[in-house]
Amino acid sequence: MQRSIEAGVGLALALLLAVGCGDSSGSGAAGSGASGPSGGGGANSQCEAEDLTACDYPSRALTATVQEGIAITDNKTGRELPLLARIPEGDGPLPLVVWSHGGGFNQTGHKQAAEWGKTLAEHGYVVLHIAHVPPTLDSAAALCELGSVPPADCTVDAASDEDDNGLIALVKTLDVIAVLDRLPQLSEASVEAGGPAIDLDKVAVAGWSAGARAPIVTHGARFQALPNLEPITLTHDLPRAAVALSPMGPGYAGFFDEADGNTWEDMRAPVFMATGENDIKPSKPDVSGADRRIAFERQPADGQRWLLYSTLTDVGGHPSFNLEDQDSSDERLVRLSRALSSGVRAFLDAKLLGSAAGEAWLASDNAQTLAGEAEWVNK
């Protein structure tokens, strides 16, 4: 029988969110035809391979500030989680994306994924990047207790491999839940400091690679913390949308695909995913894009799920889906990066802001035309 862990995790705020100061992240996002808060430029009937500019879902190109020195402390484990906030100009309340970084535990993980952070903040979304800090022996024991992992199997070493078991998914999801539960207080602190409020009805969870696990799990995916343990859930009701870039397929990360059930069958929508034939990690060459695609294929077909699947094979790689090739000298990777950025902007506008322009872009073939060698799937 499936077990369910209570989503709430007790927290204390270590440092309040201070807004209105910090370094500017610039406003260099592509596209100048941005509209107001309801969305970007939407679908364009002139989108064609000869005029790719018309295919972009344009950024609103706002100025955003970077705020560091923020942390929350999880009272259950005593782990302090550093945060980095990217805050766009605007009076608020502003929509928000909680970002989970790739890889394993990292004390400075909140400084990763700057490309995605800038892309989303300059489009009008507050982005909160979390550092998934390494657990100590004591905090690992507390985390394993939350996941009902037997004490004999609960070691820091067991949690260090990001793919071979579900402990990374467990910890990263609990970290994201810790932030989600603290958003009302973070919003109040922002307002008290003269900054914008957070719109708690317009929150998404997003991440790349190992960071794609929390968006999936908070939206209802089941996983095994360790092999042979019963699947668990860590669903959270606050996020309204999930963005999972380079998700993991079955046989890794505690995710499974069996005759009597799979990890993704109960996931709620809306969900945006992206992977591809070139989504290969050198340290895990046996994990193919086709394996990652299973995370999309096993979800229910309710019309609210999208997949951008690159069919490139000889250029790019796993980091391409973290926007690390957006300035590549290879035009094919630049096009894929533009399609990824446009797709996520349109998706968030449509599903968080109710943007008709975003919905129109998602319903068009712009993503496939823009990416060039790719599939654009909606189910």
# chains A, B, ... in the order shown; residues from 1 in each chain; ligands from 1
>>> select_by_dssp(residues="stretch 171-280 of chain A", states="helix (DSSP H, G or I)", output="PyMOL selection string")
chain A and resi 171-192+209-218
>>> atom_distance(atom1="atom CA of A:Gly358", atom2="atom CA of A:Thr235")
26.3 Å
>>> residues_around(residues="A:Ser139", least_positions_apart="4", cutoff="12 Å", atoms="only C-alpha atoms", output="compact mmCIF listing (two decimals) with C-alpha atoms, in the first residue's frame")
# COMPACT_ATOMS: atom_id res chain seq x y z
CA THR A 73 16.26 26.71 8.53
CA ASP A 74 14.42 23.41 8.60
CA ASN A 75 13.73 22.76 12.28
CA LYS A 76 13.17 19.07 11.63
CA THR A 77 16.77 18.47 10.49
CA GLY A 78 18.56 21.69 11.47
CA ARG A 79 19.74 22.19 7.89
CA GLU A 80 20.03 25.80 6.80
CA VAL A 133 23.09 21.49 1.12
CA PRO A 134 24.86 18.24 2.09
CA PRO A 135 23.24 16.47 5.03
CA LEU A 143 15.43 12.97 6.59
CA CYS A 144 15.44 9.18 6.39
CA GLU A 145 12.91 9.03 9.20
CA LEU A 146 10.62 11.27 7.15
CA CYS A 154 20.45 5.55 5.99
CA THR A 155 23.96 6.88 5.43
CA VAL A 156 25.40 10.00 3.88
CA ALA A 159 22.42 9.62 -0.43
CA VAL A 171 15.79 15.45 0.14
>>> atom_distance(atom1="atom CA of A:Ser364", atom2="atom CA of A:Ala350")
13.2 Å
>>> residues_around(residues="stretch 248-252 of chain A", least_positions_apart="3", cutoff="6 Å", atoms="only C-alpha atoms", output="PDB file with N, CA and C atoms, in the first residue's frame")
ATOM      1  N   ASP A 163      21.512   9.269  -8.780  1.00  0.00           N
ATOM      2  CA  ASP A 163      20.660   8.515  -9.697  1.00  0.00           C
ATOM      3  C   ASP A 163      20.270   7.128  -9.204  1.00  0.00           C
ATOM      4  N   ASP A 164      21.098   6.471  -8.398  1.00  0.00           N
ATOM      5  CA  ASP A 164      20.895   5.054  -8.121  1.00  0.00           C
ATOM      6  C   ASP A 164      19.821   4.765  -7.083  1.00  0.00           C
ATOM      7  N   PHE A 255      12.552   6.087  -9.371  1.00  0.00           N
ATOM      8  CA  PHE A 255      11.398   6.069 -10.264  1.00  0.00           C
ATOM      9  C   PHE A 255      11.243   4.678 -10.876  1.00  0.00           C
ATOM     10  N   PHE A 256      10.002   4.275 -11.123  1.00  0.00           N
ATOM     11  CA  PHE A 256       9.742   2.899 -11.553  1.00  0.00           C
ATOM     12  C   PHE A 256       8.638   2.851 -12.593  1.00  0.00           C
ATOM     13  N   ASP A 257       8.639   1.783 -13.362  1.00  0.00           N
ATOM     14  CA  ASP A 257       7.631   1.558 -14.403  1.00  0.00           C
ATOM     15  C   ASP A 257       7.340   0.061 -14.432  1.00  0.00           C
ATOM     16  N   ASP A 291      14.946   7.196 -22.623  1.00  0.00           N
ATOM     17  CA  ASP A 291      14.645   6.818 -21.238  1.00  0.00           C
ATOM     18  C   ASP A 291      13.986   7.975 -20.500  1.00  0.00           C
ATOM     19  N   ARG A 292      14.531   9.178 -20.667  1.00  0.00           N
ATOM     20  CA  ARG A 292      13.994  10.351 -19.981  1.00  0.00           C
ATOM     21  C   ARG A 292      12.581  10.662 -20.467  1.00  0.00           C
ATOM     22  N   ILE A 294      10.239   8.719 -21.089  1.00  0.00           N
ATOM     23  CA  ILE A 294       9.227   7.881 -20.437  1.00  0.00           C
ATOM     24  C   ILE A 294       8.518   8.652 -19.322  1.00  0.00           C
ATOM     25  N   ALA A 295       9.235   9.587 -18.684  1.00  0.00           N
ATOM     26  CA  ALA A 295       8.620  10.400 -17.632  1.00  0.00           C
ATOM     27  C   ALA A 295       7.447  11.209 -18.159  1.00  0.00           C
TER      28      ALA A 295
END
>>> atom_distance(atom1="atom CA of A:Ala85", atom2="atom CA of A:Asp181")
16.4 Å
